[in-house]
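A.B. asks: Pasting entry_35.pdb here (PDB, C-alpha atoms):
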ATOM      1  CA  MET A   1     188.235 221.549  66.676
ATOM      2  CA  ARG A   2     191.248 221.875  68.951
ATOM      3  CA  ARG A   3     190.807 220.797  72.532
ATOM      4  CA  THR A   4     193.124 220.435  75.494
ATOM      5  CA  LEU A   5     193.046 216.876  76.799
ATOM      6  CA  SER A   6     194.160 215.998  80.284
ATOM      7  CA  GLY A   7     197.583 214.396  80.334
ATOM      8  CA  SER A   8     200.815 214.276  82.286
ATOM      9  CA  LEU A   9     204.479 215.147  81.942
ATOM     10  CA  VAL A  10     206.929 212.552  83.187
ATOM     11  CA  VAL A  11     210.042 213.667  85.044
ATOM     12  CA  LEU A  12     213.191 213.634  82.945
ATOM     13  CA  VAL A  13     215.411 210.586  82.694
ATOM     14  CA  CYS A  14     219.175 210.916  82.201
ATOM     15  CA  ALA A  15     221.439 208.292  80.677
ATOM     16  CA  LEU A  16     225.014 208.018  79.459
ATOM     17  CA  THR A  17     225.608 206.564  75.979
ATOM     18  CA  ALA A  18     228.627 206.110  73.756
ATOM     19  CA  SER A  19     227.603 209.201  71.785
ATOM     20  CA  GLY A  20     227.116 211.420  74.834
ATOM     21  CA  GLU A  21     224.597 212.007  77.561
ATOM     22  CA  VAL A  22     220.839 211.781  76.978
ATOM     23  CA  ILE A  23     218.067 213.600  78.768
ATOM     24  CA  SER A  24     214.449 212.613  78.040
ATOM     25  CA  PHE A  25     211.021 214.082  78.701
ATOM     26  CA  SER A  26     207.717 212.258  78.242
ATOM     27  CA  ALA A  27     204.108 213.419  78.051
ATOM     28  CA  ASP A  28     200.863 211.452  77.777
ATOM     29  CA  VAL A  29     197.465 212.126  76.244
ATOM     30  CA  VAL A  30     194.717 210.120  77.926
ATOM     31  CA  ASP A  31     192.454 207.915  75.816
ATOM     32  CA  THR A  32     189.598 210.052  74.483
ATOM     33  CA  ARG A  33     186.905 209.521  71.868
ATOM     34  CA  THR A  34     188.202 210.401  68.405
ATOM     35  CA  ASN A  35     188.464 212.647  66.473
ATOM     36  CA  TRP A  36     190.590 214.982  68.577
ATOM     37  CA  ALA A  37     193.412 217.486  68.335
ATOM     38  CA  THR A  38     195.478 218.600  71.290
ATOM     39  CA  THR A  39     199.048 219.515  72.244
ATOM     40  CA  VAL A  40     201.779 218.164  74.496
ATOM     41  CA  SER A  41     204.409 220.328  76.151
ATOM     42  CA  VAL A  42     207.974 219.230  76.973
ATOM     43  CA  PRO A  43     210.939 221.274  78.233
ATOM     44  CA  GLN A  44     213.467 222.623  75.784
ATOM     45  CA  PHE A  45     217.084 221.523  75.941
ATOM     46  CA  ASP A  46     218.955 223.712  78.425
ATOM     47  CA  PRO A  47     222.088 224.993  76.625
ATOM     48  CA  ALA A  48     223.857 225.262  79.983
ATOM     49  CA  LEU A  49     224.096 221.457  79.975
ATOM     50  CA  GLY A  50     226.338 221.341  76.917
ATOM     51  CA  THR A  51     226.167 221.058  73.123
ATOM     52  CA  LEU A  52     223.080 219.441  71.581
ATOM     53  CA  THR A  53     224.054 216.762  69.039
ATOM     54  CA  ALA A  54     220.781 214.895  68.331
ATOM     55  CA  ILE A  55     217.063 214.993  69.046
ATOM     56  CA  GLY A  56     215.014 211.819  69.343
ATOM     57  CA  PHE A  57     211.246 211.595  69.023
ATOM     58  CA  SER A  58     209.074 208.649  70.030
ATOM     59  CA  LEU A  59     205.316 208.245  69.592
ATOM     60  CA  THR A  60     203.204 205.416  71.000
ATOM     61  CA  GLY A  61     199.587 205.423  69.875
ATOM     62  CA  ARG A  62     196.793 203.529  71.601
ATOM     63  CA  VAL A  63     193.331 202.618  70.340
ATOM     64  CA  ASP A  64     190.463 200.985  72.212
ATOM     65  CA  GLY A  65     186.691 200.765  72.057
ATOM     66  CA  THR A  66     183.824 198.664  70.729
ATOM     67  CA  ALA A  67     182.577 197.467  67.356
ATOM     68  CA  SER A  68     179.011 196.509  66.420
ATOM     69  CA  TYR A  69     177.946 194.793  63.201
ATOM     70  CA  GLU A  70     174.998 193.168  61.466
ATOM     71  CA  ASN A  71     175.187 190.832  58.479
ATOM     72  CA  LEU A  72     172.419 191.826  56.039
ATOM     73  CA  SER A  73     173.215 189.122  53.481
ATOM     74  CA  PRO A  74     170.903 186.118  52.976
ATOM     75  CA  SER A  75     173.850 183.792  53.653
ATOM     76  CA  PRO A  76     176.432 183.475  56.458
ATOM     77  CA  ALA A  77     179.561 185.624  56.218
ATOM     78  CA  ASN A  78     182.898 185.841  57.969
ATOM     79  CA  ILE A  79     182.940 189.455  59.204
ATOM     80  CA  THR A  80     186.093 191.198  60.390
ATOM     81  CA  VAL A  81     185.984 194.375  62.469
ATOM     82  CA  ASN A  82     189.074 196.598  62.565
ATOM     83  CA  LEU A  83     189.318 199.205  65.311
ATOM     84  CA  SER A  84     191.975 201.729  64.316
ATOM     85  CA  SER A  85     193.104 205.328  64.635
ATOM     86  CA  GLU A  86     195.671 207.442  62.792
ATOM     87  CA  ILE A  87     197.719 209.347  65.365
ATOM     88  CA  LYS A  88     200.189 212.086  64.414
ATOM     89  CA  LEU A  89     202.887 213.971  66.296
ATOM     90  CA  GLN A  90     203.815 217.299  64.709
ATOM     91  CA  ARG A  91     206.396 220.011  65.098
ATOM     92  CA  PRO A  92     205.205 223.348  66.484
ATOM     93  CA  ASP A  93     204.869 224.557  62.864
ATOM     94  CA  ALA A  94     202.402 221.661  62.209
ATOM     95  CA  THR A  95     204.726 219.658  59.953
ATOM     96  CA  ASN A  96     204.527 215.930  60.626
ATOM     97  CA  LEU A  97     207.172 214.256  62.768
ATOM     98  CA  LEU A  98     205.726 210.778  63.379
ATOM     99  CA  VAL A  99     202.591 208.874  62.395
ATOM    100  CA  VAL A 100     201.310 205.614  63.894
ATOM    101  CA  LEU A 101     198.262 203.525  63.030
ATOM    102  CA  PRO A 102     197.352 201.289  65.994
ATOM    103  CA  ILE A 103     194.840 198.633  64.960
ATOM    104  CA  VAL A 104     193.148 195.616  66.498
ATOM    105  CA  SER A 105     191.089 193.144  64.455
ATOM    106  CA  GLN A 106     188.609 190.405  65.255
ATOM    107  CA  SER A 107     186.800 188.025  62.905
ATOM    108  CA  GLN A 108     183.605 186.044  63.435
ATOM    109  CA  LEU A 109     181.537 183.739  61.253
ATOM    110  CA  THR A 110     178.079 185.328  61.369
ATOM    111  CA  GLY A 111     174.757 183.847  60.355
ATOM    112  CA  ALA A 112     172.449 185.057  57.592
ATOM    113  CA  TYR A 113     170.365 188.155  58.253
ATOM    114  CA  ASP A 114     167.733 187.379  60.886
ATOM    115  CA  GLY A 115     165.431 190.285  59.971
ATOM    116  CA  ALA A 116     166.430 192.781  62.672
ATOM    117  CA  ILE A 117     169.225 195.353  62.672
ATOM    118  CA  ASP A 118     169.905 195.096  66.385
ATOM    119  CA  PHE A 119     173.592 194.106  66.423
ATOM    120  CA  GLY A 120     172.580 190.848  68.008
ATOM    121  CA  GLY A 121     170.775 187.582  67.400
ATOM    122  CA  SER A 122     172.245 185.156  64.878
ATOM    123  CA  SER A 123     173.376 187.790  62.367
ATOM    124  CA  GLY A 124     174.995 190.471  64.529
ATOM    125  CA  ALA A 125     177.195 191.119  67.525
ATOM    126  CA  VAL A 126     178.794 193.778  69.721
ATOM    127  CA  VAL A 127     182.509 193.264  70.318
ATOM    128  CA  ASN A 128     183.741 194.949  73.498
ATOM    129  CA  ALA A 129     187.150 195.645  75.010
ATOM    130  CA  LEU A 130     189.083 195.916  71.754
ATOM    131  CA  ALA A 131     192.536 197.426  72.320
ATOM    132  CA  GLY A 132     195.760 197.821  70.356
ATOM    133  CA  SER A 133     198.891 199.962  70.147
ATOM    134  CA  ALA A 134     201.686 200.930  67.772
ATOM    135  CA  SER A 135     204.965 202.830  68.136
ATOM    136  CA  ASN A 136     207.342 204.783  65.930
ATOM    137  CA  SER A 137     210.531 206.755  66.590
ATOM    138  CA  GLN A 138     213.333 208.682  64.915
ATOM    139  CA  ILE A 139     216.580 210.401  65.846
ATOM    140  CA  ASN A 140     217.611 213.547  63.979
ATOM    141  CA  SER A 141     220.702 215.692  63.836
ATOM    142  CA  PRO A 142     219.410 219.122  64.843
ATOM    143  CA  THR A 143     218.833 221.617  62.045
ATOM    144  CA  PRO A 144     219.172 225.391  62.509
ATOM    145  CA  SER A 145     215.398 225.492  62.941
ATOM    146  CA  ASP A 146     215.605 222.789  65.638
ATOM    147  CA  PHE A 147     218.120 224.835  67.607
ATOM    148  CA  THR A 148     215.665 227.720  67.546
ATOM    149  CA  THR A 149     212.694 225.547  68.495
ATOM    150  CA  PHE A 150     214.098 222.998  70.930
ATOM    151  CA  VAL A 151     216.952 224.841  72.671
ATOM    152  CA  GLY A 152     216.241 227.293  75.461
ATOM    153  CA  ASN A 153     214.820 227.528  78.946
ATOM    154  CA  GLY A 154     211.134 227.229  78.122
ATOM    155  CA  ASN A 155     208.828 224.553  76.722
ATOM    156  CA  VAL A 156     208.119 223.136  73.267
ATOM    157  CA  VAL A 157     204.414 222.751  72.446
ATOM    158  CA  MET A 158     203.762 220.070  69.823
ATOM    159  CA  PRO A 159     200.374 219.203  68.246
ATOM    160  CA  VAL A 160     199.034 215.644  68.503
ATOM    161  CA  THR A 161     195.971 214.499  66.543
ATOM    162  CA  ALA A 162     193.918 211.301  66.352
ATOM    163  CA  ILE A 163     191.448 210.403  63.590
ATOM    164  CA  ALA A 164     189.322 207.252  63.605
ATOM    165  CA  ARG A 165     190.128 204.759  60.824
ATOM    166  CA  SER A 166     187.897 201.897  61.994
ATOM    167  CA  TYR A 167     186.151 199.703  59.407
ATOM    168  CA  ALA A 168     184.500 196.315  58.863
ATOM    169  CA  SER A 169     184.808 193.891  55.974
ATOM    170  CA  GLY A 170     183.672 190.472  54.838
ATOM    171  CA  SER A 171     180.114 190.890  53.595
ATOM    172  CA  GLY A 172     178.670 192.761  50.636
ATOM    173  CA  ASN A 173     175.655 193.755  52.737
ATOM    174  CA  MET A 174     176.284 194.753  56.307
ATOM    175  CA  VAL A 175     175.941 197.531  58.872
ATOM    176  CA  ALA A 176     178.770 198.406  61.261
ATOM    177  CA  ALA A 177     179.250 200.999  63.989
ATOM    178  CA  PHE A 178     182.296 201.840  66.092
ATOM    179  CA  GLN A 179     183.126 203.636  69.312
ATOM    180  CA  THR A 180     186.794 204.541  68.811
ATOM    181  CA  PHE A 181     188.988 205.980  71.558
ATOM    182  CA  ALA A 182     192.645 206.914  71.173
ATOM    183  CA  GLY A 183     195.520 208.082  73.350
ATOM    184  CA  ALA A 184     199.207 208.806  72.866
ATOM    185  CA  GLY A 185     202.546 208.807  74.638
ATOM    186  CA  VAL A 186     205.269 211.187  73.438
ATOM    187  CA  THR A 187     208.955 211.206  74.387
ATOM    188  CA  VAL A 188     211.543 213.768  73.323
ATOM    189  CA  SER A 189     215.196 212.899  73.988
ATOM    190  CA  TYR A 190     218.178 215.233  73.745
ATOM    191  CA  THR A 191     221.649 213.785  73.148
ATOM    192  CA  TYR A 192     224.416 216.216  74.037
ATOM    193  CA  THR A 193     228.059 216.643  74.835
ATOM    194  CA  PRO A 194     228.164 217.902  78.410
ATOM    195  CA  VAL A 195     230.060 220.961  79.552
ATOM    196  CA  PRO A 196     233.137 219.760  81.491
ATOM    197  CA  GLY A 197     232.661 220.384  85.195
ATOM    198  CA  PRO A 198     235.357 221.229  87.760
ATOM    199  CA  GLY A 199     236.015 217.531  88.320
ATOM    200  CA  SER A 200     236.447 216.896  84.603
ATOM    201  CA  ALA A 201     238.806 219.867  84.266
ATOM    202  CA  ALA A 202     240.928 218.592  87.139
ATOM    203  CA  LEU A 203     241.138 215.140  85.555
ATOM    204  CA  LEU A 204     242.170 216.657  82.233
ATOM    205  CA  GLY A 205     244.863 218.689  83.977
ATOM    206  CA  LEU A 206     246.145 215.641  85.815
ATOM    207  CA  ALA A 207     246.239 213.642  82.569
ATOM    208  CA  GLY A 208     248.266 216.446  80.955
ATOM    209  CA  MET A 209     250.758 216.477  83.818
ATOM    210  CA  ILE A 210     251.242 212.705  83.624
ATOM    211  CA  ALA A 211     251.714 212.844  79.833
ATOM    212  CA  GLY A 212     254.293 215.613  80.245
ATOM    213  CA  ARG A 213     256.274 213.663  82.820
ATOM    214  CA  ARG A 214     256.274 210.591  80.563
ATOM    215  CA  ARG A 215     257.650 212.623  77.668
ATOM    216  CA  ARG A 216     260.417 214.020  79.868
TER
END
As a first step, turn the structure in this file into structure tokens.
C.D. replies:
Amino acid sequence: MRRTLSGSLVVLVCALTASGEVISFSADVVDTRTNWATTVSVPQFDPALGTLTAIGFSLTGRVDGTASYENLSPSPANITVNLSSEIKLQRPDATNLLVVLPIVSQSQLTGAYDGAIDFGGSSGAVVNALAGSASNSQINSPTPSDFTTFVGNGNVVMPVTAIARSYASGSGNMVAAFQTFAGAGVTVSYTYTPVPGPGSAALLGLAGMIAGRRRR
């Protein structure tokens, strides 16, 4: 099921690098119970700024929640709970761009089954406030399809999904339950060669005049 989750778009950030100027846009998906599918929207690259030379994508995935477990074995066991979510950022055509798997783990030596599946007592527990994150990024030279998708004066809408991957291990007989929440931060960066402004043109003209005088 596709839902729209509340989020925010961060104002652009400009920077100058050795390869050109960079303009970045960021959007955030708030932490919500998995499994979810939503979209983020970022501005396209404005061709009036110059020539697009590269597109960078960054995805930070967050996972948080609780884990409950009960050891059903007749002997103590070291039980590990793993709270995790698989978070994907996709192109508008639903092909994958980036995937992250944030995970947080906690282990506990747990007593033999005490006769009650209550996630408590000597054989069970509830672990609260679990939280973890993971990031991934890539920079691509724009393809013809990218120019069509990411260049213009509108917005690019990209799907983001989160699926719970939480699990427990350590005992052959056990019961585990998870409340898994996930969120995501997305940044799209455009590297470009800027269009020379009036000041740049004047400097170029002055440099040409000086070079000519030196030759003479």
A.B. asks: Nearest to A:Phe147: which of A:Phe178, A:Tyr69, A:Tyr190, A:Trp36 is it, counting only C-alpha atoms?
C.D. replies: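 Result for the nearest residue to A:Phe147: A:Tyr190.
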A.B. asks: Sorted by chain and rising residue number, which residues of stretch 66-185 of chain A lie within 10 Å of stretch 39-61 of chain A, and what are their closest atom pairs and distances in Å to one decimal, counting only C-alpha atoms, as a Markdown table?
C.D. replies:
| residue | atom | partner | partner_atom | distance |
| --- | --- | --- | --- | --- |
| A:Ser85 | CA | A:Gly61 | CA | 8.3 |
| A:Glu86 | CA | A:Gly61 | CA | 8.3 |
| A:Ile87 | CA | A:Gly61 | CA | 6.3 |
| A:Lys88 | CA | A:Leu59 | CA | 8.2 |
| A:Leu89 | CA | A:Leu59 | CA | 7.0 |
| A:Gln90 | CA | A:Thr39 | CA | 9.2 |
| A:Pro92 | CA | A:Thr39 | CA | 9.3 |
| A:Leu97 | CA | A:Phe57 | CA | 7.9 |
| A:Leu98 | CA | A:Leu59 | CA | 6.7 |
| A:Val99 | CA | A:Leu59 | CA | 7.7 |
| A:Val100 | CA | A:Gly61 | CA | 6.2 |
| A:Leu101 | CA | A:Gly61 | CA | 7.2 |
| A:Pro102 | CA | A:Gly61 | CA | 6.1 |
| A:Ile103 | CA | A:Gly61 | CA | 9.6 |
| A:Gly132 | CA | A:Gly61 | CA | 8.5 |
| A:Ser133 | CA | A:Gly61 | CA | 5.5 |
| A:Ala134 | CA | A:Gly61 | CA | 5.4 |
| A:Ser135 | CA | A:Thr60 | CA | 4.2 |
| A:Asn136 | CA | A:Leu59 | CA | 5.4 |
| A:Ser137 | CA | A:Ser58 | CA | 4.2 |
| A:Gln138 | CA | A:Phe57 | CA | 5.5 |
| A:Ile139 | CA | A:Gly56 | CA | 4.1 |
| A:Asn140 | CA | A:Ile55 | CA | 5.3 |
| A:Ser141 | CA | A:Ala54 | CA | 4.6 |
| A:Pro142 | CA | A:Ala54 | CA | 5.6 |
| A:Thr143 | CA | A:Ala54 | CA | 9.4 |
| A:Asp146 | CA | A:Ile55 | CA | 8.6 |
| A:Phe147 | CA | A:Leu52 | CA | 8.3 |
| A:Thr148 | CA | A:Gln44 | CA | 9.9 |
| A:Thr149 | CA | A:Gln44 | CA | 7.9 |
| A:Phe150 | CA | A:Gln44 | CA | 4.9 |
| A:Val151 | CA | A:Phe45 | CA | 4.7 |
| A:Gly152 | CA | A:Asp46 | CA | 5.4 |
| A:Asn153 | CA | A:Asp46 | CA | 5.7 |
| A:Gly154 | CA | A:Gln44 | CA | 5.7 |
| A:Asn155 | CA | A:Pro43 | CA | 4.2 |
| A:Val156 | CA | A:Val42 | CA | 5.4 |
| A:Val157 | CA | A:Ser41 | CA | 4.4 |
| A:Met158 | CA | A:Thr39 | CA | 5.3 |
| A:Pro159 | CA | A:Thr39 | CA | 4.2 |
| A:Val160 | CA | A:Thr39 | CA | 5.4 |
| A:Thr161 | CA | A:Thr39 | CA | 8.2 |
| A:Ala162 | CA | A:Gly61 | CA | 8.9 |
| A:Ala182 | CA | A:Gly61 | CA | 7.2 |
| A:Gly183 | CA | A:Gly61 | CA | 6.0 |
| A:Ala184 | CA | A:Gly61 | CA | 4.5 |
| A:Gly185 | CA | A:Thr60 | CA | 5.0 |
A.B. asks: Considering all atoms listed in the file, can you say which of A:Tyr192, A:Ser73, A:Ser171, A:Val186 comes closest to A:Val29?
C.D. replies: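 Closest to A:Val29, using all atoms listed in the file: A:Val186.
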A.B. asks: One number please: atom CA of A:Arg91 to atom CA of A:Ala27, in Å, one decimal.
C.D. replies: 14.7 Å
A.B. asks: Run the PyMOL selection byres ((chain A and resi 81) around 9) on the file and write out the hits as a PyMOL selection string.
C.D. replies: chain A and resi 67-69+79-80+82-83+104-108+127+166-170+176
A.B. asks: Give the answer as one residue: which of A:Ser26, A:Glu70, A:Ala94, A:Pro76 has the shortest atom-to-atom distance to A:Gly115, using only C-alpha atoms?
C.D. replies: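 Nearest candidate to A:Gly115 out of A:Ser26, A:Glu70, A:Ala94, A:Pro76: A:Glu70.
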A.B. asks: Between atom CA of A:Asp114 and atom CA of A:Ser75, what is the distance in Å, rounded to a tenth?
C.D. replies: 10.1 Å
A.B. asks: Report, in Å to a single decimal, how far apart atom CA of A:Gly111 and atom CA of A:Thr66 are.
C.D. replies: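 Going from atom CA of A:Thr66 over to atom CA of A:Gly111 covers 20.2 Å.
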A.B. asks: Nearest to A:Gly65 among A:Asp28, A:Ser122, A:Gln179, A:Pro194, with distances taken over only C-alpha atoms: which residue is it?
C.D. replies: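 Once distances to A:Gly65 are computed over only C-alpha atoms, the minimum belongs to A:Gln179.
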A.B. asks: Could you tell me which of A:Leu72, A:Ala77, A:Ala177, A:Leu130 comes closest to A:Leu109 if we count only C-alpha atoms?
C.D. replies: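 Nearest candidate to A:Leu109 out of A:Leu72, A:Ala77, A:Ala177, A:Leu130: A:Ala77.
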A.B. asks: Tell me which of A:Val63, A:Met174, A:Ala164, A:Ala129 sits closest to A:Ala112, counting only C-alpha atoms.
C.D. replies: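 Of the candidates, the smallest distance to A:Ala112 is held by A:Met174.
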A.B. asks: Could I see stretch 42-78 of chain A restored to N, CA and C atoms, set down as a short mmCIF file (atom, residue, chain, number, x, y, z; two decimals), in the frame of the given file?
C.D. replies:
data_model
loop_
_atom_site.label_atom_id
_atom_site.label_comp_id
_atom_site.auth_asym_id
_atom_site.auth_seq_id
_atom_site.Cartn_x
_atom_site.Cartn_y
_atom_site.Cartn_z
N VAL A 42 206.78 219.79 76.34
CA VAL A 42 207.97 219.23 76.97
C VAL A 42 209.01 220.33 77.09
N PRO A 43 209.90 220.25 78.08
CA PRO A 43 210.94 221.27 78.23
C PRO A 43 211.90 221.31 77.05
N GLN A 44 212.40 222.48 76.76
CA GLN A 44 213.47 222.62 75.78
C GLN A 44 214.78 222.10 76.37
N PHE A 45 215.75 221.91 75.49
CA PHE A 45 217.08 221.52 75.94
C PHE A 45 217.77 222.75 76.53
N ASP A 46 218.27 222.62 77.74
CA ASP A 46 218.96 223.71 78.42
C ASP A 46 220.38 223.81 77.90
N PRO A 47 220.74 224.90 77.21
CA PRO A 47 222.09 224.99 76.62
C PRO A 47 223.18 225.02 77.68
N ALA A 48 222.84 225.27 78.93
CA ALA A 48 223.86 225.26 79.98
C ALA A 48 224.39 223.86 80.23
N LEU A 49 223.66 222.84 79.77
CA LEU A 49 224.10 221.46 79.97
C LEU A 49 225.23 221.06 79.05
N GLY A 50 225.30 221.70 77.88
CA GLY A 50 226.34 221.34 76.92
C GLY A 50 225.90 221.62 75.50
N THR A 51 226.45 220.86 74.55
CA THR A 51 226.17 221.06 73.12
C THR A 51 225.21 219.98 72.63
N LEU A 52 224.07 220.38 72.10
CA LEU A 52 223.08 219.44 71.58
C LEU A 52 223.58 218.81 70.29
N THR A 53 223.56 217.47 70.22
CA THR A 53 224.05 216.76 69.04
C THR A 53 222.97 215.98 68.31
N ALA A 54 221.86 215.64 68.98
CA ALA A 54 220.78 214.90 68.33
C ALA A 54 219.50 215.06 69.13
N ILE A 55 218.38 214.95 68.41
CA ILE A 55 217.06 214.99 69.05
C ILE A 55 216.31 213.74 68.64
N GLY A 56 215.80 213.02 69.61
CA GLY A 56 215.01 211.82 69.34
C GLY A 56 213.55 212.04 69.66
N PHE A 57 212.69 211.50 68.82
CA PHE A 57 211.25 211.60 69.02
C PHE A 57 210.66 210.19 69.03
N SER A 58 209.74 209.94 69.95
CA SER A 58 209.07 208.65 70.03
C SER A 58 207.58 208.88 70.25
N LEU A 59 206.77 208.14 69.49
CA LEU A 59 205.32 208.24 69.59
C LEU A 59 204.72 206.85 69.74
N THR A 60 203.96 206.65 70.81
CA THR A 60 203.20 205.42 71.00
C THR A 60 201.72 205.77 70.96
N GLY A 61 201.02 205.17 70.02
CA GLY A 61 199.59 205.42 69.88
C GLY A 61 198.78 204.25 70.40
N ARG A 62 197.68 204.55 71.06
CA ARG A 62 196.79 203.53 71.60
C ARG A 62 195.40 203.70 71.01
N VAL A 63 194.72 202.58 70.79
CA VAL A 63 193.33 202.62 70.34
C VAL A 63 192.55 201.59 71.14
N ASP A 64 191.33 201.93 71.52
CA ASP A 64 190.46 200.98 72.21
C ASP A 64 189.01 201.39 71.99
N GLY A 65 188.11 200.46 72.24
CA GLY A 65 186.69 200.76 72.06
C GLY A 65 185.87 199.54 71.74
N THR A 66 184.75 199.75 71.06
CA THR A 66 183.82 198.66 70.73
C THR A 66 183.45 198.72 69.26
N ALA A 67 183.04 197.57 68.74
CA ALA A 67 182.58 197.47 67.36
C ALA A 67 181.26 196.69 67.34
N SER A 68 180.30 197.18 66.56
CA SER A 68 179.01 196.51 66.42
C SER A 68 178.77 196.25 64.94
N TYR A 69 178.19 195.08 64.61
CA TYR A 69 177.95 194.79 63.20
C TYR A 69 176.72 193.90 63.04
N GLU A 70 176.16 193.99 61.84
CA GLU A 70 175.00 193.17 61.47
C GLU A 70 175.18 192.70 60.03
N ASN A 71 175.11 191.39 59.81
CA ASN A 71 175.19 190.83 58.48
C ASN A 71 173.80 190.92 57.83
N LEU A 72 173.71 191.66 56.72
CA LEU A 72 172.42 191.83 56.04
C LEU A 72 172.26 190.87 54.85
N SER A 73 173.26 190.05 54.62
CA SER A 73 173.22 189.12 53.48
C SER A 73 172.33 187.91 53.80
N PRO A 74 171.76 187.30 52.76
CA PRO A 74 170.90 186.12 52.98
C PRO A 74 171.69 184.84 53.22
N SER A 75 173.01 184.96 53.37
CA SER A 75 173.85 183.79 53.65
C SER A 75 174.87 184.16 54.71
N PRO A 76 175.43 183.19 55.43
CA PRO A 76 176.43 183.48 56.46
C PRO A 76 177.66 184.16 55.86
N ALA A 77 178.37 184.92 56.68
CA ALA A 77 179.56 185.62 56.22
C ALA A 77 180.56 185.71 57.36
N ASN A 78 181.83 185.64 56.99
CA ASN A 78 182.90 185.84 57.97
C ASN A 78 183.21 187.34 58.02
#
